[in-house]
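Asks: Structure supplied as input-v7.pdb; contents: PDB, C-alpha atoms and all ligand atoms.
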```pdb
ATOM      1  CA  MET A   1      87.156   8.333 -83.403  1.00  0.00           C
ATOM      2  CA  ALA A   2      90.717   9.438 -82.948  1.00  0.00           C
ATOM      3  CA  LYS A   3      93.212   7.891 -85.315  1.00  0.00           C
ATOM      4  CA  ILE A   4      96.037   6.154 -83.470  1.00  0.00           C
ATOM      5  CA  ARG A   5      99.446   5.165 -84.802  1.00  0.00           C
ATOM      6  CA  VAL A   6     102.497   3.457 -83.338  1.00  0.00           C
ATOM      7  CA  GLY A   7     106.168   4.272 -83.824  1.00  0.00           C
ATOM      8  CA  PHE A   8     109.435   2.586 -82.948  1.00  0.00           C
ATOM      9  CA  GLY A   9     112.871   4.053 -82.227  1.00  0.00           C
ATOM     10  CA  TYR A  10     116.328   2.646 -81.547  1.00  0.00           C
ATOM     11  CA  ASP A  11     119.580   4.434 -80.746  1.00  0.00           C
ATOM     12  CA  VAL A  12     123.100   3.668 -79.547  1.00  0.00           C
ATOM     13  CA  HIS A  13     125.897   5.899 -78.295  1.00  0.00           C
ATOM     14  CA  ARG A  14     129.440   5.016 -77.366  1.00  0.00           C
ATOM     15  CA  LEU A  15     130.587   5.408 -73.725  1.00  0.00           C
ATOM     16  CA  VAL A  16     133.814   7.371 -73.355  1.00  0.00           C
ATOM     17  CA  GLU A  17     135.814   9.024 -70.603  1.00  0.00           C
ATOM     18  CA  GLY A  18     135.695  12.784 -70.228  1.00  0.00           C
ATOM     19  CA  ARG A  19     132.015  13.234 -71.105  1.00  0.00           C
ATOM     20  CA  GLU A  20     129.028  13.884 -68.843  1.00  0.00           C
ATOM     21  CA  LEU A  21     126.417  11.125 -68.790  1.00  0.00           C
ATOM     22  CA  TRP A  22     122.991  12.459 -69.779  1.00  0.00           C
ATOM     23  CA  LEU A  23     120.155   9.960 -69.846  1.00  0.00           C
ATOM     24  CA  GLY A  24     116.412  10.525 -69.801  1.00  0.00           C
ATOM     25  CA  GLY A  25     116.942  14.277 -69.601  1.00  0.00           C
ATOM     26  CA  ILE A  26     118.998  14.223 -66.398  1.00  0.00           C
ATOM     27  CA  ARG A  27     122.706  14.077 -65.619  1.00  0.00           C
ATOM     28  CA  LEU A  28     123.927  10.956 -63.846  1.00  0.00           C
ATOM     29  CA  GLU A  29     127.087  10.521 -61.812  1.00  0.00           C
ATOM     30  CA  HIS A  30     129.335   8.120 -63.714  1.00  0.00           C
ATOM     31  CA  ASP A  31     132.975   7.707 -64.680  1.00  0.00           C
ATOM     32  CA  ARG A  32     132.065   7.902 -68.383  1.00  0.00           C
ATOM     33  CA  GLY A  33     129.587   9.638 -70.599  1.00  0.00           C
ATOM     34  CA  LEU A  34     127.978   9.128 -73.987  1.00  0.00           C
ATOM     35  CA  LEU A  35     129.742  10.456 -77.059  1.00  0.00           C
ATOM     36  CA  GLY A  36     127.769  12.415 -79.612  1.00  0.00           C
ATOM     37  CA  HIS A  37     127.261  15.701 -81.396  1.00  0.00           C
ATOM     38  CA  SER A  38     124.490  16.637 -78.955  1.00  0.00           C
ATOM     39  CA  ASP A  39     124.501  15.681 -75.264  1.00  0.00           C
ATOM     40  CA  ALA A  40     124.075  12.132 -76.667  1.00  0.00           C
ATOM     41  CA  ASP A  41     121.024  11.329 -74.525  1.00  0.00           C
ATOM     42  CA  VAL A  42     120.362   7.974 -76.155  1.00  0.00           C
ATOM     43  CA  LEU A  43     117.049   7.482 -74.333  1.00  0.00           C
ATOM     44  CA  ILE A  44     115.590  10.743 -75.613  1.00  0.00           C
ATOM     45  CA  HIS A  45     116.896  10.099 -79.130  1.00  0.00           C
ATOM     46  CA  ALA A  46     115.102   6.744 -79.253  1.00  0.00           C
ATOM     47  CA  VAL A  47     111.878   8.471 -78.143  1.00  0.00           C
ATOM     48  CA  CYS A  48     112.287  11.192 -80.799  1.00  0.00           C
ATOM     49  CA  ASP A  49     112.781   8.570 -83.521  1.00  0.00           C
ATOM     50  CA  ALA A  50     109.744   6.630 -82.322  1.00  0.00           C
ATOM     51  CA  LEU A  51     107.607   9.790 -82.378  1.00  0.00           C
ATOM     52  CA  LEU A  52     108.813  10.779 -85.849  1.00  0.00           C
ATOM     53  CA  GLY A  53     108.247   7.228 -87.050  1.00  0.00           C
ATOM     54  CA  ALA A  54     104.693   7.204 -85.726  1.00  0.00           C
ATOM     55  CA  ALA A  55     103.950  10.317 -87.770  1.00  0.00           C
ATOM     56  CA  ASN A  56     105.942   9.041 -90.781  1.00  0.00           C
ATOM     57  CA  MET A  57     108.245  12.074 -90.555  1.00  0.00           C
ATOM     58  CA  ARG A  58     111.676  10.479 -91.182  1.00  0.00           C
ATOM     59  CA  ASP A  59     114.152  10.479 -88.270  1.00  0.00           C
ATOM     60  CA  ILE A  60     116.052  12.604 -85.801  1.00  0.00           C
ATOM     61  CA  GLY A  61     119.122  12.946 -88.049  1.00  0.00           C
ATOM     62  CA  TYR A  62     116.938  14.274 -90.854  1.00  0.00           C
ATOM     63  CA  HIS A  63     115.454  17.068 -88.735  1.00  0.00           C
ATOM     64  CA  PHE A  64     118.471  17.826 -86.526  1.00  0.00           C
ATOM     65  CA  PRO A  65     121.582  17.004 -88.594  1.00  0.00           C
ATOM     66  CA  ASP A  66     124.839  16.544 -86.687  1.00  0.00           C
ATOM     67  CA  THR A  67     126.523  18.736 -89.301  1.00  0.00           C
ATOM     68  CA  ALA A  68     124.523  21.717 -88.017  1.00  0.00           C
ATOM     69  CA  GLY A  69     126.514  23.801 -85.527  1.00  0.00           C
ATOM     70  CA  GLU A  70     123.324  24.848 -83.752  1.00  0.00           C
ATOM     71  CA  TYR A  71     122.900  21.304 -82.406  1.00  0.00           C
ATOM     72  CA  GLU A  72     126.425  20.895 -81.038  1.00  0.00           C
ATOM     73  CA  ASN A  73     126.223  19.738 -77.403  1.00  0.00           C
ATOM     74  CA  ILE A  74     122.541  20.678 -77.431  1.00  0.00           C
ATOM     75  CA  ASP A  75     120.349  19.488 -74.571  1.00  0.00           C
ATOM     76  CA  SER A  76     118.335  16.641 -76.115  1.00  0.00           C
ATOM     77  CA  LYS A  77     115.257  17.847 -74.208  1.00  0.00           C
ATOM     78  CA  VAL A  78     115.231  20.719 -76.705  1.00  0.00           C
ATOM     79  CA  LEU A  79     115.200  18.192 -79.570  1.00  0.00           C
ATOM     80  CA  LEU A  80     112.351  16.286 -77.908  1.00  0.00           C
ATOM     81  CA  ARG A  81     110.355  19.490 -77.466  1.00  0.00           C
ATOM     82  CA  LYS A  82     110.914  20.376 -81.139  1.00  0.00           C
ATOM     83  CA  THR A  83     109.935  16.833 -82.171  1.00  0.00           C
ATOM     84  CA  VAL A  84     106.647  17.046 -80.252  1.00  0.00           C
ATOM     85  CA  ALA A  85     106.021  20.401 -81.977  1.00  0.00           C
ATOM     86  CA  LEU A  86     106.732  18.845 -85.401  1.00  0.00           C
ATOM     87  CA  LEU A  87     104.159  16.153 -84.684  1.00  0.00           C
ATOM     88  CA  ALA A  88     101.667  18.740 -83.474  1.00  0.00           C
ATOM     89  CA  SER A  89     102.074  20.573 -86.796  1.00  0.00           C
ATOM     90  CA  LYS A  90     100.768  17.394 -88.474  1.00  0.00           C
ATOM     91  CA  GLY A  91      97.935  17.107 -85.939  1.00  0.00           C
ATOM     92  CA  TYR A  92      99.462  14.376 -83.785  1.00  0.00           C
ATOM     93  CA  ALA A  93      99.573  14.353 -79.983  1.00  0.00           C
ATOM     94  CA  VAL A  94     101.648  11.984 -77.869  1.00  0.00           C
ATOM     95  CA  GLY A  95      99.590   9.159 -76.375  1.00  0.00           C
ATOM     96  CA  ASN A  96     102.072   7.088 -74.398  1.00  0.00           C
ATOM     97  CA  VAL A  97     105.746   6.212 -74.528  1.00  0.00           C
ATOM     98  CA  ASP A  98     107.510   3.009 -73.448  1.00  0.00           C
ATOM     99  CA  VAL A  99     111.307   2.840 -73.355  1.00  0.00           C
ATOM    100  CA  THR A 100     113.868   0.167 -72.521  1.00  0.00           C
ATOM    101  CA  VAL A 101     117.461   1.221 -71.868  1.00  0.00           C
ATOM    102  CA  CYS A 102     120.248  -1.371 -72.025  1.00  0.00           C
ATOM    103  CA  ALA A 103     123.171  -0.438 -69.793  1.00  0.00           C
ATOM    104  CA  GLU A 104     125.442  -2.496 -67.580  1.00  0.00           C
ATOM    105  CA  ARG A 105     126.271   0.510 -65.385  1.00  0.00           C
ATOM    106  CA  PRO A 106     125.362   2.815 -63.712  1.00  0.00           C
ATOM    107  CA  LYS A 107     122.275   1.499 -61.939  1.00  0.00           C
ATOM    108  CA  LEU A 108     119.381   3.348 -63.540  1.00  0.00           C
ATOM    109  CA  ASN A 109     116.390   2.226 -61.485  1.00  0.00           C
ATOM    110  CA  PRO A 110     116.820   4.843 -58.711  1.00  0.00           C
ATOM    111  CA  HIS A 111     116.731   7.601 -61.355  1.00  0.00           C
ATOM    112  CA  ILE A 112     113.726   6.444 -63.360  1.00  0.00           C
ATOM    113  CA  PRO A 113     111.054   8.394 -61.405  1.00  0.00           C
ATOM    114  CA  ARG A 114     112.945  11.639 -62.049  1.00  0.00           C
ATOM    115  CA  MET A 115     113.450  10.806 -65.756  1.00  0.00           C
ATOM    116  CA  LYS A 116     109.720  10.116 -66.144  1.00  0.00           C
ATOM    117  CA  GLN A 117     108.905  13.415 -64.458  1.00  0.00           C
ATOM    118  CA  VAL A 118     111.281  15.376 -66.703  1.00  0.00           C
ATOM    119  CA  LEU A 119     110.253  13.727 -69.979  1.00  0.00           C
ATOM    120  CA  ALA A 120     106.536  13.964 -69.220  1.00  0.00           C
ATOM    121  CA  ALA A 121     106.941  17.704 -68.619  1.00  0.00           C
ATOM    122  CA  VAL A 122     108.882  18.189 -71.880  1.00  0.00           C
ATOM    123  CA  MET A 123     106.292  16.248 -73.927  1.00  0.00           C
ATOM    124  CA  GLY A 124     103.313  17.751 -72.131  1.00  0.00           C
ATOM    125  CA  VAL A 125     101.871  14.395 -71.057  1.00  0.00           C
ATOM    126  CA  ASP A 126     101.106  12.748 -67.707  1.00  0.00           C
ATOM    127  CA  GLU A 127     103.886  10.863 -65.967  1.00  0.00           C
ATOM    128  CA  GLU A 128     101.554   7.889 -66.182  1.00  0.00           C
ATOM    129  CA  ASP A 129     102.024   7.994 -69.962  1.00  0.00           C
ATOM    130  CA  VAL A 130     105.815   7.669 -69.792  1.00  0.00           C
ATOM    131  CA  SER A 131     107.252   4.241 -69.008  1.00  0.00           C
ATOM    132  CA  ILE A 132     111.021   3.793 -68.668  1.00  0.00           C
ATOM    133  CA  LYS A 133     112.605   0.420 -68.032  1.00  0.00           C
ATOM    134  CA  ALA A 134     116.264  -0.428 -67.544  1.00  0.00           C
ATOM    135  CA  THR A 135     117.985  -3.714 -68.160  1.00  0.00           C
ATOM    136  CA  THR A 136     121.521  -5.040 -68.374  1.00  0.00           C
ATOM    137  CA  THR A 137     122.402  -7.442 -71.161  1.00  0.00           C
ATOM    138  CA  GLU A 138     123.987  -9.923 -68.725  1.00  0.00           C
ATOM    139  CA  ARG A 139     127.489  -8.631 -69.583  1.00  0.00           C
ATOM    140  CA  LEU A 140     126.941  -9.725 -73.209  1.00  0.00           C
ATOM    141  CA  GLY A 141     127.586  -7.608 -76.280  1.00  0.00           C
ATOM    142  CA  PHE A 142     128.694  -3.975 -76.502  1.00  0.00           C
ATOM    143  CA  THR A 143     126.322  -2.830 -73.784  1.00  0.00           C
ATOM    144  CA  GLY A 144     127.468  -5.657 -71.524  1.00  0.00           C
ATOM    145  CA  ARG A 145     131.101  -4.685 -72.086  1.00  0.00           C
ATOM    146  CA  GLU A 146     130.158  -1.075 -71.215  1.00  0.00           C
ATOM    147  CA  GLU A 147     131.285   0.153 -74.629  1.00  0.00           C
ATOM    148  CA  GLY A 148     127.974   1.870 -75.158  1.00  0.00           C
ATOM    149  CA  ILE A 149     124.353   2.274 -74.119  1.00  0.00           C
ATOM    150  CA  ALA A 150     121.370   1.339 -76.296  1.00  0.00           C
ATOM    151  CA  ALA A 151     117.741   2.407 -76.042  1.00  0.00           C
ATOM    152  CA  TYR A 152     114.540   1.141 -77.631  1.00  0.00           C
ATOM    153  CA  ALA A 153     111.280   3.075 -77.622  1.00  0.00           C
ATOM    154  CA  VAL A 154     107.741   2.542 -78.795  1.00  0.00           C
ATOM    155  CA  VAL A 155     105.137   5.272 -78.770  1.00  0.00           C
ATOM    156  CA  LEU A 156     101.500   5.697 -79.590  1.00  0.00           C
ATOM    157  CA  VAL A 157     100.298   8.968 -81.074  1.00  0.00           C
ATOM    158  CA  GLU A 158      96.763  10.160 -81.635  1.00  0.00           C
ATOM    159  CA  ARG A 159      95.237  12.465 -84.193  1.00  0.00           C
ATOM    160  CA  ALA A 160      92.024  14.111 -83.090  1.00  0.00           C
ATOM    161  CA  ALA A 161      89.042  13.335 -85.333  1.00  0.00           C
ATOM    162  CA  LEU A 162      87.871  16.935 -85.142  1.00  0.00           C
ATOM    163  CA  ALA A 163      91.111  18.337 -86.548  1.00  0.00           C
ATOM    164  CA  CYS A 164      90.910  19.713 -90.059  1.00  0.00           C
ATOM    165  CA  GLU A 165      93.485  19.897 -92.807  1.00  0.00           C
ATOM    166  CA  GLY A 166      92.751  22.005 -95.867  1.00  0.00           C
ATOM    167  CA  GLY A 167      89.129  22.294 -94.827  1.00  0.00           C
ATOM    168  CA  LYS A 168      88.545  18.530 -94.969  1.00  0.00           C
ATOM    169  CA  PRO A 169      87.905  16.513 -91.821  1.00  0.00           C
ATOM    170  CA  LEU A 170      90.683  14.003 -91.244  1.00  0.00           C
TER     171      LEU A 170
HETATM  172 ZN    ZN A 201     121.527   9.548 -80.662  1.00  0.00          ZN
END
```
Can I see the file as structure tokens?
Replies:
Amino acid sequence: MAKIRVGFGYDVHRLVEGRELWLGGIRLEHDRGLLGHSDADVLIHAVCDALLGAANMRDIGYHFPDTAGEYENIDSKVLLRKTVALLASKGYAVGNVDVTVCAERPKLNPHIPRMKQVLAAVMGVDEEDVSIKATTTERLGFTGREEGIAAYAVVLVERAALACEGGKPL
């Protein structure tokens, strides 16, 4: 029987003028963008943290430090691809992903099918295994005041029973 594990991720980035808005691996038209060392794709970062958590492999900042020049303005899809590869090195494959993004604006629902398509391709899973949901926080809190966007993610990963580590069946 395959071993299954769950992981949880949470991330926040500040919304500022003069930045592009990248969310779920695509660029959205908006008057502000998320601030960060990378492209600040808060949705992808939450997924990466959930994946790393599921495999008990620390977090995104540990593997891709924002002090490293190589990650400056990097496309977060690259970080997600590297995260999936890190998990694969420990024998884990992505099962399914479920994300909730909290943003007052812009309207995200029209863009969700494209985000699912893009993220499924990056992670090498079916679109059916990637769920993305968007909600406002009823104008409450920092997301409601449009000071930032938050994302929560849970994932399930599987380790194949036939995989071997050091000659011993897992
Ligand atoms: Zn982040």
Asks: Please enumerate the residues selected by the PyMOL selection byres (((not hetatm)) within 7 of (chain A and resi 201)) when evaluated against the supplied file, formatted as a list in words.
Replies: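 When the PyMOL selection byres (((not hetatm)) within 7 of (chain A and resi 201)) is applied to the shown file, the picked residues are Asp11, Val12, His13, Gly36, Ala40, Asp41, Val42 and His45 of chain A.
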Asks: Report, in Å to a single decimal, how far apart atom CA of Glu146 of chain A and atom CA of Leu119 of chain A are.
Replies: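 Atom-to-atom, atom CA of Leu119 of chain A to atom CA of Glu146 of chain A, that is 24.8 Å.
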Asks: Counting all atoms listed in the file, which of A:Lys82, A:His63, A:Lys116, A:Lys77 gets nearest to Asp98 of chain A?
Replies: A:Lys116
Asks: With distances taken over all atoms listed in the file, which of A:Thr100, A:Pro106, A:Asp129, A:Arg58 is nearest to Val157 of chain A?
Replies: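 Of all the options, A:Asp129 lies closest to Val157 of chain A.
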Asks: Provide the atom CA of Leu108 of chain A to atom CA of Leu86 of chain A distance in Å, to one decimal place.
Replies: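 Computing it gives 29.6 Å between the two atoms.
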Asks: Under the rule of at most 7 Å, produce a per-residue listing of segment 41-93 of chain A near segment 147-155 of chain A: chain, number, name, the closest pair of atoms, and the distance in Å, as CSV, using only C-alpha atoms.
Replies:
```
residue,atom,partner,partner_atom,distance
A:Val42,CA,A:Ala151,CA,6.2
A:Leu43,CA,A:Ala151,CA,5.4
A:Ala46,CA,A:Ala153,CA,5.5
A:Val47,CA,A:Ala153,CA,5.5
A:Ala50,CA,A:Val154,CA,5.8
A:Leu51,CA,A:Val155,CA,6.3
```
Asks: Can you work out the spacing between atom CA of Gly24 of chain A and atom CA of Gly61 of chain A in Å, to one decimal?
Replies: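 Result for atom CA of Gly24 of chain A versus atom CA of Gly61 of chain A: 18.6 Å, one decimal.
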Asks: Give me, as a PyMOL selection string, all polymer residues having an atom no more than 12 Å from Asn56 of chain A, counting only C-alpha atoms and skipping those fewer than 2 positions away in the same chain.
Replies: chain A and resi 5-8+49-54+58-60+86-87+90+92+157
Asks: Hey, what's within 7 Å of Ser38 of chain A if we count only C-alpha atoms and toss same-chain stuff fewer than 3 positions away? As a list of chain:residue names, please?
Replies: A:Tyr71, A:Glu72, A:Asn73, A:Ile74, A:Asp75, A:Ser76
Asks: Would you kindly return, as a list in words, each protein, DNA or RNA residue with an atom no farther than 12 Å from any atom of Glu128 of chain A, considering only C-alpha atoms and excluding same-chain residues fewer than 4 positions away?
Replies: Gly95, Asn96, Val97, Asp98, Pro113, Lys116, Gln117, Leu119, Ala120, Ala121, Gly124 and Ile132 of chain A
Asks: Determine the residue membership of the PyMOL selection byres (((chain A and resi 137) around 12) and not hetatm) for the file above and supply it as a list in words.
Replies: Thr100, Val101, Cys102, Ala103, Glu104, Arg105, Ala134, Thr135, Thr136, Glu138, Arg139, Leu140, Gly141, Phe142, Thr143, Gly144, Arg145, Glu146, Gly148, Ile149, Ala150 and Ala151 of chain A
Asks: Need to verify the contact set: Arg159 of chain A, 7 Å, all atoms listed in the file, exclusion of same-chain residues closer than 5 positions in sequence. Can you return it as a ChimeraX atom specification?
Replies: /A:2-4,91-93
Asks: Can I get the selected residues back with C-alpha atoms, as a compact mmCIF listing (two decimals), in the frame of the given file?
Replies:
```txt
# COMPACT_ATOMS: atom_id res chain seq x y z
CA ALA A 2 90.72 9.44 -82.95
CA LYS A 3 93.21 7.89 -85.32
CA ILE A 4 96.04 6.15 -83.47
CA GLY A 91 97.94 17.11 -85.94
CA TYR A 92 99.46 14.38 -83.78
CA ALA A 93 99.57 14.35 -79.98
```
